[in-house]
>>> print(open('entry_6.cif').read())   # mmCIF, C-alpha atoms
data_coords
#
loop_
_atom_site.group_PDB
_atom_site.id
_atom_site.type_symbol
_atom_site.label_atom_id
_atom_site.label_comp_id
_atom_site.auth_asym_id
_atom_site.auth_seq_id
_atom_site.Cartn_x
_atom_site.Cartn_y
_atom_site.Cartn_z
ATOM 1 C CA MET A 1061 -33.547 -39.497 -31.684
ATOM 2 C CA ILE A 1062 -36.978 -40.460 -30.383
ATOM 3 C CA LYS A 1063 -37.114 -40.662 -26.604
ATOM 4 C CA THR A 1064 -38.627 -43.951 -25.444
ATOM 5 C CA THR A 1065 -39.069 -46.022 -22.326
ATOM 6 C CA VAL A 1066 -39.098 -49.363 -24.146
ATOM 7 C CA ARG A 1067 -35.378 -49.873 -23.669
ATOM 8 C CA ALA A 1068 -35.179 -48.839 -20.034
ATOM 9 C CA PHE A 1069 -35.781 -52.401 -18.806
ATOM 10 C CA ALA A 1070 -32.243 -53.489 -19.624
ATOM 11 C CA ALA A 1071 -30.346 -50.555 -18.136
ATOM 12 C CA ALA A 1072 -29.998 -51.853 -14.581
ATOM 13 C CA ALA A 1073 -29.162 -55.372 -15.696
ATOM 14 C CA LEU A 1074 -26.403 -54.168 -18.025
ATOM 15 C CA ALA A 1075 -24.596 -52.486 -15.166
ATOM 16 C CA LEU A 1076 -24.282 -55.897 -13.515
ATOM 17 C CA LEU A 1077 -22.500 -57.500 -16.466
ATOM 18 C CA PRO A 1078 -18.753 -57.205 -15.818
ATOM 19 C CA LEU A 1079 -15.650 -56.800 -17.909
ATOM 20 C CA THR A 1080 -13.822 -59.355 -15.796
ATOM 21 C CA THR A 1081 -15.047 -58.562 -12.285
ATOM 22 C CA ALA A 1082 -18.085 -56.773 -10.875
ATOM 23 C CA THR A 1083 -18.057 -53.010 -11.357
ATOM 24 C CA PRO A 1084 -20.276 -50.347 -9.791
ATOM 25 C CA ALA A 1085 -22.947 -48.544 -11.782
ATOM 26 C CA HIS A 1086 -22.093 -45.024 -12.944
ATOM 27 C CA ALA A 1087 -24.181 -41.892 -12.960
ATOM 28 C CA ALA A 1088 -25.304 -40.446 -16.276
ATOM 29 C CA GLU A 1089 -22.955 -37.792 -17.662
ATOM 30 C CA THR A 1090 -23.271 -35.006 -20.201
ATOM 31 C CA LEU A 1091 -20.219 -33.545 -21.925
ATOM 32 C CA SER A 1092 -19.693 -31.305 -24.906
ATOM 33 C CA LEU A 1093 -18.867 -33.300 -28.021
ATOM 34 C CA HIS A 1094 -15.347 -31.823 -27.920
ATOM 35 C CA ASP A 1095 -14.811 -32.940 -24.315
ATOM 36 C CA GLY A 1096 -16.322 -36.343 -25.038
ATOM 37 C CA ILE A 1097 -13.837 -36.917 -27.842
ATOM 38 C CA GLU A 1098 -10.940 -35.912 -25.605
ATOM 39 C CA ALA A 1099 -12.202 -38.258 -22.855
ATOM 40 C CA LEU A 1100 -11.888 -41.315 -25.099
ATOM 41 C CA PRO A 1101 -8.760 -43.367 -24.348
ATOM 42 C CA GLN A 1102 -6.462 -43.896 -27.326
ATOM 43 C CA ALA A 1103 -4.985 -47.279 -28.255
ATOM 44 C CA ALA A 1104 -3.960 -49.223 -31.334
ATOM 45 C CA GLU A 1105 -6.638 -51.487 -32.771
ATOM 46 C CA SER A 1106 -6.389 -55.205 -33.409
ATOM 47 C CA ARG A 1107 -8.934 -57.524 -35.035
ATOM 48 C CA ASP A 1108 -7.029 -60.672 -34.116
ATOM 49 C CA GLY A 1109 -9.449 -63.430 -33.110
ATOM 50 C CA TYR A 1110 -12.618 -61.579 -34.098
ATOM 51 C CA GLU A 1111 -15.701 -63.608 -34.994
ATOM 52 C CA ARG A 1112 -19.177 -62.126 -35.164
ATOM 53 C CA THR A 1113 -20.520 -65.163 -33.308
ATOM 54 C CA LYS A 1114 -18.594 -64.024 -30.214
ATOM 55 C CA PHE A 1115 -21.317 -61.367 -29.795
ATOM 56 C CA LYS A 1116 -24.564 -63.247 -29.225
ATOM 57 C CA HIS A 1117 -27.236 -60.863 -30.453
ATOM 58 C CA TRP A 1118 -30.933 -60.455 -31.195
ATOM 59 C CA ILE A 1119 -32.018 -62.295 -28.070
ATOM 60 C CA ASP A 1120 -35.302 -61.931 -26.164
ATOM 61 C CA GLU A 1121 -33.834 -60.678 -22.918
ATOM 62 C CA ASP A 1122 -37.080 -59.802 -21.126
ATOM 63 C CA LYS A 1123 -38.873 -62.944 -22.387
ATOM 64 C CA ASP A 1124 -41.808 -61.005 -23.831
ATOM 65 C CA GLY A 1125 -41.635 -62.733 -27.205
ATOM 66 C CA CYS A 1126 -39.841 -59.856 -28.978
ATOM 67 C CA ASN A 1127 -36.097 -60.053 -29.558
ATOM 68 C CA THR A 1128 -33.726 -57.091 -29.509
ATOM 69 C CA ARG A 1129 -34.233 -56.305 -33.185
ATOM 70 C CA ALA A 1130 -37.997 -56.150 -32.727
ATOM 71 C CA GLU A 1131 -37.691 -54.030 -29.584
ATOM 72 C CA VAL A 1132 -35.687 -51.411 -31.478
ATOM 73 C CA LEU A 1133 -38.183 -51.391 -34.355
ATOM 74 C CA LEU A 1134 -41.056 -50.861 -31.916
ATOM 75 C CA ALA A 1135 -39.191 -48.146 -30.003
ATOM 76 C CA GLU A 1136 -38.217 -46.138 -33.073
ATOM 77 C CA ALA A 1137 -41.353 -46.428 -35.209
ATOM 78 C CA ALA A 1138 -42.649 -43.048 -36.395
ATOM 79 C CA THR A 1139 -46.010 -44.671 -37.085
ATOM 80 C CA ALA A 1140 -46.795 -47.671 -34.911
ATOM 81 C CA PRO A 1141 -46.744 -51.046 -36.678
ATOM 82 C CA THR A 1142 -49.021 -53.997 -36.037
ATOM 83 C CA VAL A 1143 -47.552 -56.676 -33.788
ATOM 84 C CA GLY A 1144 -48.856 -60.161 -34.379
ATOM 85 C CA ALA A 1145 -48.208 -63.602 -32.960
ATOM 86 C CA GLY A 1146 -44.570 -64.331 -32.252
ATOM 87 C CA CYS A 1147 -43.858 -60.585 -32.337
ATOM 88 C CA LYS A 1148 -44.282 -60.473 -36.126
ATOM 89 C CA ILE A 1149 -44.162 -56.782 -37.064
ATOM 90 C CA THR A 1150 -46.055 -55.489 -40.098
ATOM 91 C CA GLY A 1151 -46.885 -52.031 -41.354
ATOM 92 C CA GLY A 1152 -45.596 -48.909 -39.634
ATOM 93 C CA THR A 1153 -43.131 -46.274 -40.808
ATOM 94 C CA TRP A 1154 -39.615 -45.362 -39.739
ATOM 95 C CA ARG A 1155 -37.194 -42.532 -40.406
ATOM 96 C CA SER A 1156 -33.667 -43.642 -41.193
ATOM 97 C CA TYR A 1157 -31.620 -40.722 -39.956
ATOM 98 C CA TYR A 1158 -28.395 -41.781 -41.715
ATOM 99 C CA ASP A 1159 -29.884 -40.960 -45.113
ATOM 100 C CA ASP A 1160 -33.008 -38.994 -44.128
ATOM 101 C CA ALA A 1161 -35.238 -41.647 -45.676
ATOM 102 C CA THR A 1162 -38.754 -42.676 -44.677
ATOM 103 C CA VAL A 1163 -39.266 -46.429 -44.752
ATOM 104 C CA GLN A 1164 -42.639 -48.151 -45.037
ATOM 105 C CA GLY A 1165 -42.692 -51.467 -43.204
ATOM 106 C CA PRO A 1166 -39.813 -53.180 -41.407
ATOM 107 C CA SER A 1167 -38.402 -55.250 -44.264
ATOM 108 C CA GLY A 1168 -36.257 -52.418 -45.634
ATOM 109 C CA LEU A 1169 -34.599 -51.764 -42.291
ATOM 110 C CA ASP A 1170 -31.495 -53.044 -40.550
ATOM 111 C CA ILE A 1171 -30.739 -52.560 -36.875
ATOM 112 C CA ASP A 1172 -27.298 -51.023 -36.789
ATOM 113 C CA HIS A 1173 -24.904 -51.327 -33.887
ATOM 114 C CA MET A 1174 -23.785 -47.701 -33.646
ATOM 115 C CA VAL A 1175 -20.234 -48.898 -32.988
ATOM 116 C CA PRO A 1176 -20.099 -52.079 -35.111
ATOM 117 C CA LEU A 1177 -19.306 -55.356 -33.408
ATOM 118 C CA ALA A 1178 -15.971 -55.690 -35.222
ATOM 119 C CA GLU A 1179 -15.012 -52.121 -34.282
ATOM 120 C CA ALA A 1180 -15.979 -52.797 -30.667
ATOM 121 C CA TRP A 1181 -13.740 -55.886 -30.731
ATOM 122 C CA ASP A 1182 -10.863 -53.814 -32.088
ATOM 123 C CA SER A 1183 -11.454 -51.178 -29.406
ATOM 124 C CA GLY A 1184 -11.451 -53.331 -26.299
ATOM 125 C CA ALA A 1185 -14.251 -55.898 -26.482
ATOM 126 C CA SER A 1186 -11.732 -58.623 -27.299
ATOM 127 C CA GLN A 1187 -10.872 -58.539 -23.593
ATOM 128 C CA TRP A 1188 -14.478 -58.790 -22.377
ATOM 129 C CA THR A 1189 -16.349 -61.786 -21.060
ATOM 130 C CA ALA A 1190 -18.901 -63.458 -23.317
ATOM 131 C CA ALA A 1191 -21.644 -62.066 -21.063
ATOM 132 C CA ARG A 1192 -20.467 -58.492 -21.516
ATOM 133 C CA ARG A 1193 -20.213 -58.914 -25.285
ATOM 134 C CA GLN A 1194 -23.789 -60.229 -25.305
ATOM 135 C CA ALA A 1195 -24.912 -57.244 -23.254
ATOM 136 C CA TYR A 1196 -23.208 -54.903 -25.712
ATOM 137 C CA ALA A 1197 -24.772 -56.556 -28.746
ATOM 138 C CA ASN A 1198 -28.262 -56.239 -27.219
ATOM 139 C CA ASP A 1199 -27.930 -52.872 -25.478
ATOM 140 C CA LEU A 1200 -31.471 -51.588 -24.984
ATOM 141 C CA GLY A 1201 -30.401 -49.437 -22.047
ATOM 142 C CA ALA A 1202 -29.286 -46.523 -24.242
ATOM 143 C CA GLU A 1203 -31.179 -45.349 -27.304
ATOM 144 C CA ARG A 1204 -27.917 -44.441 -29.064
ATOM 145 C CA SER A 1205 -26.492 -47.971 -29.047
ATOM 146 C CA LEU A 1206 -28.813 -49.510 -31.636
ATOM 147 C CA VAL A 1207 -30.646 -47.680 -34.418
ATOM 148 C CA ALA A 1208 -33.113 -48.645 -37.159
ATOM 149 C CA VAL A 1209 -31.788 -47.437 -40.536
ATOM 150 C CA THR A 1210 -32.133 -48.394 -44.173
ATOM 151 C CA ALA A 1211 -30.430 -51.627 -45.101
ATOM 152 C CA LYS A 1212 -28.594 -49.743 -47.843
ATOM 153 C CA SER A 1213 -27.019 -47.238 -45.438
ATOM 154 C CA ASN A 1214 -26.167 -49.872 -42.852
ATOM 155 C CA ARG A 1215 -24.431 -52.079 -45.387
ATOM 156 C CA SER A 1216 -22.577 -49.103 -46.813
ATOM 157 C CA LYS A 1217 -21.270 -48.386 -43.311
ATOM 158 C CA ALA A 1218 -20.420 -52.040 -42.568
ATOM 159 C CA ASP A 1219 -17.759 -52.148 -39.822
ATOM 160 C CA GLN A 1220 -16.176 -48.765 -40.581
ATOM 161 C CA ASP A 1221 -15.472 -46.001 -38.076
ATOM 162 C CA PRO A 1222 -15.981 -42.256 -38.782
ATOM 163 C CA ALA A 1223 -12.516 -41.999 -40.329
ATOM 164 C CA GLN A 1224 -13.842 -44.250 -43.098
ATOM 165 C CA TRP A 1225 -17.614 -43.624 -43.239
ATOM 166 C CA MET A 1226 -20.120 -40.949 -42.265
ATOM 167 C CA PRO A 1227 -23.861 -40.763 -42.927
ATOM 168 C CA PRO A 1228 -24.723 -39.342 -46.343
ATOM 169 C CA ALA A 1229 -27.319 -36.969 -44.866
ATOM 170 C CA ILE A 1230 -25.388 -33.819 -43.944
ATOM 171 C CA ASP A 1231 -27.850 -32.882 -41.182
ATOM 172 C CA ALA A 1232 -27.238 -36.272 -39.549
ATOM 173 C CA GLN A 1233 -23.512 -35.898 -39.069
ATOM 174 C CA CYS A 1234 -23.349 -34.072 -35.727
ATOM 175 C CA THR A 1235 -25.920 -36.483 -34.283
ATOM 176 C CA TYR A 1236 -23.927 -39.412 -35.607
ATOM 177 C CA LEU A 1237 -20.689 -38.159 -34.073
ATOM 178 C CA SER A 1238 -22.457 -37.659 -30.743
ATOM 179 C CA ASP A 1239 -23.997 -41.143 -30.889
ATOM 180 C CA TRP A 1240 -20.647 -42.720 -31.789
ATOM 181 C CA VAL A 1241 -18.728 -40.990 -29.002
ATOM 182 C CA SER A 1242 -21.497 -41.614 -26.461
ATOM 183 C CA THR A 1243 -21.505 -45.327 -27.252
ATOM 184 C CA LYS A 1244 -17.732 -45.614 -26.944
ATOM 185 C CA LEU A 1245 -17.788 -43.744 -23.627
ATOM 186 C CA ARG A 1246 -20.695 -45.869 -22.347
ATOM 187 C CA TRP A 1247 -18.754 -49.067 -22.952
ATOM 188 C CA SER A 1248 -15.245 -47.724 -22.208
ATOM 189 C CA LEU A 1249 -14.046 -48.413 -25.744
ATOM 190 C CA THR A 1250 -10.901 -46.863 -27.198
ATOM 191 C CA VAL A 1251 -10.136 -44.911 -30.367
ATOM 192 C CA ASP A 1252 -7.085 -45.102 -32.563
ATOM 193 C CA ARG A 1253 -5.159 -42.034 -33.729
ATOM 194 C CA ALA A 1254 -6.855 -41.710 -37.140
ATOM 195 C CA GLU A 1255 -10.288 -42.061 -35.566
ATOM 196 C CA ARG A 1256 -9.627 -39.390 -32.926
ATOM 197 C CA ASP A 1257 -8.154 -36.999 -35.497
ATOM 198 C CA THR A 1258 -11.213 -37.437 -37.713
ATOM 199 C CA LEU A 1259 -13.619 -36.969 -34.817
ATOM 200 C CA ARG A 1260 -11.867 -33.731 -33.902
ATOM 201 C CA GLN A 1261 -12.005 -32.446 -37.469
ATOM 202 C CA LEU A 1262 -15.615 -33.374 -38.139
ATOM 203 C CA SER A 1263 -16.869 -32.050 -34.796
ATOM 204 C CA ALA A 1264 -15.618 -28.535 -35.560
ATOM 205 C CA GLY A 1265 -19.040 -27.658 -36.960
ATOM 206 C CA CYS A 1266 -20.957 -29.195 -34.041
ATOM 207 C CA GLU A 1267 -20.293 -26.619 -31.312
ATOM 208 C CA SER A 1268 -23.732 -26.985 -29.697
ATOM 209 C CA THR A 1269 -23.719 -30.805 -29.739
ATOM 210 C CA ASP A 1270 -23.421 -32.732 -26.469
ATOM 211 C CA VAL A 1271 -22.781 -36.368 -25.643
ATOM 212 C CA GLU A 1272 -24.864 -38.113 -23.007
ATOM 213 C CA PHE A 1273 -23.923 -41.504 -21.645
ATOM 214 C CA GLU A 1274 -24.059 -43.789 -18.638
ATOM 215 C CA GLN A 1275 -21.152 -46.182 -18.299
ATOM 216 C CA VAL A 1276 -21.824 -49.882 -17.814
#
>>> encode(input="entry_6.cif", output="structure tokens")
Amino acid sequence: MIKTTVRAFAAAALALLPLTTATPAHAAETLSLHDGIEALPQAAESRDGYERTKFKHWIDEDKDGCNTRAEVLLAEAATAPTVGAGCKITGGTWRSYYDDATVQGPSGLDIDHMVPLAEAWDSGASQWTAARRQAYANDLGAERSLVAVTAKSNRSKADQDPAQWMPPAIDAQCTYLSDWVSTKLRWSLTVDRAERDTLRQLSAGCESTDVEFEQV
């Protein structure tokens, strides 16, 4: 993933958004993918009460005229686009790592929540405050949380976890597992039994892969 500083603005603010009460910021951690998977708490999932509107997303948090979607596009562009009035983005190129595709212009891209909003709800976000759900849906503090990918691959993934969907590009799979586990650890989300079993199985070929995260 491309290293950027565009998303760093939100990192400190996210740490201030609580689950129910104020929590201290955490230091960044690096674990092996195996250890990261084992560190995830296990719990049954429930989608009771889920509505996408409970995660307010694509907001302009820093009031610079560009919403979260635009910020991710700008951060991940392989070739810089033109930014016009109202943060209208034209031109530029992107690499969609899910399917190893190069995309010309932003119209063919979706911004994917690495752990989909519905999956986050199932895995603990149902108990969060509205403010924490908004912070999750607009997480610019970690480059793994949101990713620009082809609309086709994002819609194929939908709200599925790795037990149900993995990127079609074989070379992307270890990165995807790392990004998934890192995001769940960052936000203290759980896994169910099938998800953990699949993560263990798929990570067997990713011995040199680490997870990096900072809890919020």
>>> atom_distance(input="entry_6.cif", atom1="CA of Asp1182 in chain A", atom2="CA of Asp1095 in chain A")
22.6 Å
>>> atom_distance(input="entry_6.cif", atom1="CA of Leu1245 in chain A", atom2="CA of Trp1225 in chain A")
19.6 Å
>>> atom_distance(input="entry_6.cif", atom1="CA of Pro1176 in chain A", atom2="CA of Thr1139 in chain A")
27.0 Å
>>> residues_around(input="entry_6.cif", residues="range 1251-1262 of chain A", least_positions_apart="4", cutoff="9 Å", atoms="all atoms listed in the file", output="ChimeraX atom specification")
/A:1094,1097-1098,1100-1105,1183,1221-1224,1233-1234,1237,1241,1244,1266
>>> closest_residue(input="entry_6.cif", among="A:Thr1269, A:Gln1194, A:Thr1113, A:Gln1164", to="Ala1232 in chain A", atoms="all atoms listed in the file")
A:Thr1269
>>> residues_around(input="entry_6.cif", residues="Phe1115 in chain A", least_positions_apart="6", cutoff="12 Å", atoms="all atoms listed in the file", output="PyMOL selection string")
chain A and resi 1173+1176-1178+1180-1181+1185-1186+1188-1199
>>> resolve_selection(input="entry_6.cif", expression="the PyMOL selection byres ((chain A and resi 1214) around 9)", output="PyMOL selection string")
chain A and resi 1158+1169-1172+1209-1213+1215-1218
>>> residues_near_point(input="entry_6.cif", point="(-41.6, -49.6, -31.0)", cutoff="12 Å", atoms="all atoms listed in the file", output="PyMOL selection string")
chain A and resi 1062-1067+1126-1143+1147+1149-1154+1166+1200+1203+1207-1208
>>> write_last_selection(input="entry_6.cif", atoms="C-alpha atoms", output="PDB file, in the frame of the given file")
ATOM      1  CA  ILE A1062     -36.978 -40.460 -30.383  1.00  0.00           C
ATOM      2  CA  LYS A1063     -37.114 -40.662 -26.604  1.00  0.00           C
ATOM      3  CA  THR A1064     -38.627 -43.951 -25.444  1.00  0.00           C
ATOM      4  CA  THR A1065     -39.069 -46.022 -22.326  1.00  0.00           C
ATOM      5  CA  VAL A1066     -39.098 -49.363 -24.146  1.00  0.00           C
ATOM      6  CA  ARG A1067     -35.378 -49.873 -23.669  1.00  0.00           C
ATOM      7  CA  CYS A1126     -39.841 -59.856 -28.978  1.00  0.00           C
ATOM      8  CA  ASN A1127     -36.097 -60.053 -29.558  1.00  0.00           C
ATOM      9  CA  THR A1128     -33.726 -57.091 -29.509  1.00  0.00           C
ATOM     10  CA  ARG A1129     -34.233 -56.305 -33.185  1.00  0.00           C
ATOM     11  CA  ALA A1130     -37.997 -56.150 -32.727  1.00  0.00           C
ATOM     12  CA  GLU A1131     -37.691 -54.030 -29.584  1.00  0.00           C
ATOM     13  CA  VAL A1132     -35.687 -51.411 -31.478  1.00  0.00           C
ATOM     14  CA  LEU A1133     -38.183 -51.391 -34.355  1.00  0.00           C
ATOM     15  CA  LEU A1134     -41.056 -50.861 -31.916  1.00  0.00           C
ATOM     16  CA  ALA A1135     -39.191 -48.146 -30.003  1.00  0.00           C
ATOM     17  CA  GLU A1136     -38.217 -46.138 -33.073  1.00  0.00           C
ATOM     18  CA  ALA A1137     -41.353 -46.428 -35.209  1.00  0.00           C
ATOM     19  CA  ALA A1138     -42.649 -43.048 -36.395  1.00  0.00           C
ATOM     20  CA  THR A1139     -46.010 -44.671 -37.085  1.00  0.00           C
ATOM     21  CA  ALA A1140     -46.795 -47.671 -34.911  1.00  0.00           C
ATOM     22  CA  PRO A1141     -46.744 -51.046 -36.678  1.00  0.00           C
ATOM     23  CA  THR A1142     -49.021 -53.997 -36.037  1.00  0.00           C
ATOM     24  CA  VAL A1143     -47.552 -56.676 -33.788  1.00  0.00           C
ATOM     25  CA  CYS A1147     -43.858 -60.585 -32.337  1.00  0.00           C
ATOM     26  CA  ILE A1149     -44.162 -56.782 -37.064  1.00  0.00           C
ATOM     27  CA  THR A1150     -46.055 -55.489 -40.098  1.00  0.00           C
ATOM     28  CA  GLY A1151     -46.885 -52.031 -41.354  1.00  0.00           C
ATOM     29  CA  GLY A1152     -45.596 -48.909 -39.634  1.00  0.00           C
ATOM     30  CA  THR A1153     -43.131 -46.274 -40.808  1.00  0.00           C
ATOM     31  CA  TRP A1154     -39.615 -45.362 -39.739  1.00  0.00           C
ATOM     32  CA  PRO A1166     -39.813 -53.180 -41.407  1.00  0.00           C
ATOM     33  CA  LEU A1200     -31.471 -51.588 -24.984  1.00  0.00           C
ATOM     34  CA  GLU A1203     -31.179 -45.349 -27.304  1.00  0.00           C
ATOM     35  CA  VAL A1207     -30.646 -47.680 -34.418  1.00  0.00           C
ATOM     36  CA  ALA A1208     -33.113 -48.645 -37.159  1.00  0.00           C
TER      37      ALA A1208
END
>>> closest_residue(input="entry_6.cif", among="A:Ala1099, A:Ala1088, A:Val1175, A:Ala1229", to="Ser1156 in chain A", atoms="only C-alpha atoms")
A:Ala1229
>>> resolve_selection(input="entry_6.cif", expression="the PyMOL selection byres ((chain A and resi 1092) around 8)", output="list in words")
Thr1090, Leu1091, Leu1093, His1094, Asp1095, Gly1096, Glu1267, Ser1268, Thr1269, Asp1270 and Val1271 of chain A
>>> write_last_selection(input="entry_6.cif", atoms="C-alpha atoms", output="JSON list (two decimals), in the frame of the given file")
[["chain", "number", "residue", "atom", "x", "y", "z"],
["A", 1090, "THR", "CA", -23.27, -35.01, -20.20],
["A", 1091, "LEU", "CA", -20.22, -33.54, -21.92],
["A", 1093, "LEU", "CA", -18.87, -33.30, -28.02],
["A", 1094, "HIS", "CA", -15.35, -31.82, -27.92],
["A", 1095, "ASP", "CA", -14.81, -32.94, -24.32],
["A", 1096, "GLY", "CA", -16.32, -36.34, -25.04],
["A", 1267, "GLU", "CA", -20.29, -26.62, -31.31],
["A", 1268, "SER", "CA", -23.73, -26.98, -29.70],
["A", 1269, "THR", "CA", -23.72, -30.80, -29.74],
["A", 1270, "ASP", "CA", -23.42, -32.73, -26.47],
["A", 1271, "VAL", "CA", -22.78, -36.37, -25.64]]
>>> closest_residue(input="entry_6.cif", among="A:Tyr1157, A:Ser1167, A:Glu1179, A:Gln1220", to="Glu1111 in chain A", atoms="only C-alpha atoms")
A:Glu1179
>>> closest_residue(input="entry_6.cif", among="A:Val1276, A:Leu1206, A:Ala1161, A:Ala1264", to="Pro1228 in chain A", atoms="only C-alpha atoms")
A:Ala1161
>>> axis_aligned_box(input="entry_6.cif", around="range 1092-1105 of chain A", padding_each_side="5 Å", output="JSON")
{"center_x": -11.8, "center_y": -41.4, "center_z": -27.8, "size_x": 25.7, "size_y": 30.2, "size_z": 19.9}
>>> decode(input="entry_6.cif", residues="range 1239-1246 of chain A", atoms="all heavy atoms", output="PDB file, in the first residue's frame")
ATOM      1  N   ASP A1239      -4.455  -6.564   6.039  1.00  0.00           N
ATOM      2  CA  ASP A1239      -5.279  -5.366   6.154  1.00  0.00           C
ATOM      3  C   ASP A1239      -6.549  -5.643   6.940  1.00  0.00           C
ATOM      4  O   ASP A1239      -6.995  -4.831   7.761  1.00  0.00           O
ATOM      5  CB  ASP A1239      -5.633  -4.845   4.758  1.00  0.00           C
ATOM      6  CG  ASP A1239      -4.441  -4.262   4.021  1.00  0.00           C
ATOM      7  OD1 ASP A1239      -3.361  -4.146   4.622  1.00  0.00           O
ATOM      8  OD2 ASP A1239      -4.600  -3.923   2.831  1.00  0.00           O
ATOM      9  N   TRP A1240      -7.154  -6.803   6.703  1.00  0.00           N
ATOM     10  CA  TRP A1240      -8.385  -7.180   7.412  1.00  0.00           C
ATOM     11  C   TRP A1240      -8.124  -7.320   8.921  1.00  0.00           C
ATOM     12  O   TRP A1240      -8.840  -6.744   9.743  1.00  0.00           O
ATOM     13  CB  TRP A1240      -8.920  -8.486   6.843  1.00  0.00           C
ATOM     14  CG  TRP A1240     -10.211  -8.950   7.457  1.00  0.00           C
ATOM     15  CD1 TRP A1240     -10.363  -9.688   8.605  1.00  0.00           C
ATOM     16  CD2 TRP A1240     -11.531  -8.701   6.973  1.00  0.00           C
ATOM     17  NE1 TRP A1240     -11.688  -9.918   8.859  1.00  0.00           N
ATOM     18  CE2 TRP A1240     -12.433  -9.319   7.863  1.00  0.00           C
ATOM     19  CE3 TRP A1240     -12.033  -8.029   5.852  1.00  0.00           C
ATOM     20  CZ2 TRP A1240     -13.809  -9.275   7.678  1.00  0.00           C
ATOM     21  CZ3 TRP A1240     -13.411  -7.982   5.668  1.00  0.00           C
ATOM     22  CH2 TRP A1240     -14.280  -8.598   6.572  1.00  0.00           C
ATOM     23  N   VAL A1241      -7.094  -8.079   9.251  1.00  0.00           N
ATOM     24  CA  VAL A1241      -6.788  -8.315  10.667  1.00  0.00           C
ATOM     25  C   VAL A1241      -6.363  -7.018  11.346  1.00  0.00           C
ATOM     26  O   VAL A1241      -6.776  -6.725  12.480  1.00  0.00           O
ATOM     27  CB  VAL A1241      -5.708  -9.406  10.808  1.00  0.00           C
ATOM     28  CG1 VAL A1241      -5.251  -9.539  12.253  1.00  0.00           C
ATOM     29  CG2 VAL A1241      -6.245 -10.743  10.294  1.00  0.00           C
ATOM     30  N   SER A1242      -5.562  -6.213  10.673  1.00  0.00           N
ATOM     31  CA  SER A1242      -5.123  -4.936  11.240  1.00  0.00           C
ATOM     32  C   SER A1242      -6.309  -4.030  11.546  1.00  0.00           C
ATOM     33  O   SER A1242      -6.350  -3.376  12.599  1.00  0.00           O
ATOM     34  CB  SER A1242      -4.168  -4.228  10.275  1.00  0.00           C
ATOM     35  OG  SER A1242      -2.972  -4.945  10.101  1.00  0.00           O
ATOM     36  N   THR A1243      -7.274  -3.996  10.637  1.00  0.00           N
ATOM     37  CA  THR A1243      -8.442  -3.136  10.841  1.00  0.00           C
ATOM     38  C   THR A1243      -9.279  -3.625  12.013  1.00  0.00           C
ATOM     39  O   THR A1243      -9.752  -2.827  12.846  1.00  0.00           O
ATOM     40  CB  THR A1243      -9.286  -3.070   9.558  1.00  0.00           C
ATOM     41  OG1 THR A1243      -8.472  -2.577   8.488  1.00  0.00           O
ATOM     42  CG2 THR A1243     -10.486  -2.153   9.737  1.00  0.00           C
ATOM     43  N   LYS A1244      -9.454  -4.938  12.114  1.00  0.00           N
ATOM     44  CA  LYS A1244     -10.235  -5.468  13.242  1.00  0.00           C
ATOM     45  C   LYS A1244      -9.516  -5.216  14.572  1.00  0.00           C
ATOM     46  O   LYS A1244     -10.156  -4.875  15.581  1.00  0.00           O
ATOM     47  CB  LYS A1244     -10.526  -6.955  13.040  1.00  0.00           C
ATOM     48  CG  LYS A1244     -11.621  -7.200  12.014  1.00  0.00           C
ATOM     49  CD  LYS A1244     -12.519  -8.366  12.366  1.00  0.00           C
ATOM     50  CE  LYS A1244     -13.858  -8.291  11.646  1.00  0.00           C
ATOM     51  NZ  LYS A1244     -14.758  -9.401  11.981  1.00  0.00           N
ATOM     52  N   LEU A1245      -8.200  -5.355  14.590  1.00  0.00           N
ATOM     53  CA  LEU A1245      -7.449  -5.080  15.811  1.00  0.00           C
ATOM     54  C   LEU A1245      -7.498  -3.589  16.148  1.00  0.00           C
ATOM     55  O   LEU A1245      -7.622  -3.209  17.321  1.00  0.00           O
ATOM     56  CB  LEU A1245      -6.006  -5.533  15.655  1.00  0.00           C
ATOM     57  CG  LEU A1245      -5.778  -7.053  15.655  1.00  0.00           C
ATOM     58  CD1 LEU A1245      -4.347  -7.375  15.241  1.00  0.00           C
ATOM     59  CD2 LEU A1245      -6.078  -7.659  17.020  1.00  0.00           C
ATOM     60  N   ARG A1246      -7.397  -2.738  15.151  1.00  0.00           N
ATOM     61  CA  ARG A1246      -7.417  -1.284  15.372  1.00  0.00           C
ATOM     62  C   ARG A1246      -8.704  -0.863  16.080  1.00  0.00           C
ATOM     63  O   ARG A1246      -8.687  -0.036  16.977  1.00  0.00           O
ATOM     64  CB  ARG A1246      -7.280  -0.568  14.032  1.00  0.00           C
ATOM     65  CG  ARG A1246      -7.440   0.963  14.089  1.00  0.00           C
ATOM     66  CD  ARG A1246      -7.053   1.580  12.759  1.00  0.00           C
ATOM     67  NE  ARG A1246      -7.384   2.994  12.660  1.00  0.00           N
ATOM     68  CZ  ARG A1246      -6.703   3.981  13.217  1.00  0.00           C
ATOM     69  NH1 ARG A1246      -5.635   3.713  13.954  1.00  0.00           N
ATOM     70  NH2 ARG A1246      -7.065   5.243  13.049  1.00  0.00           N
TER      71      ARG A1246
END
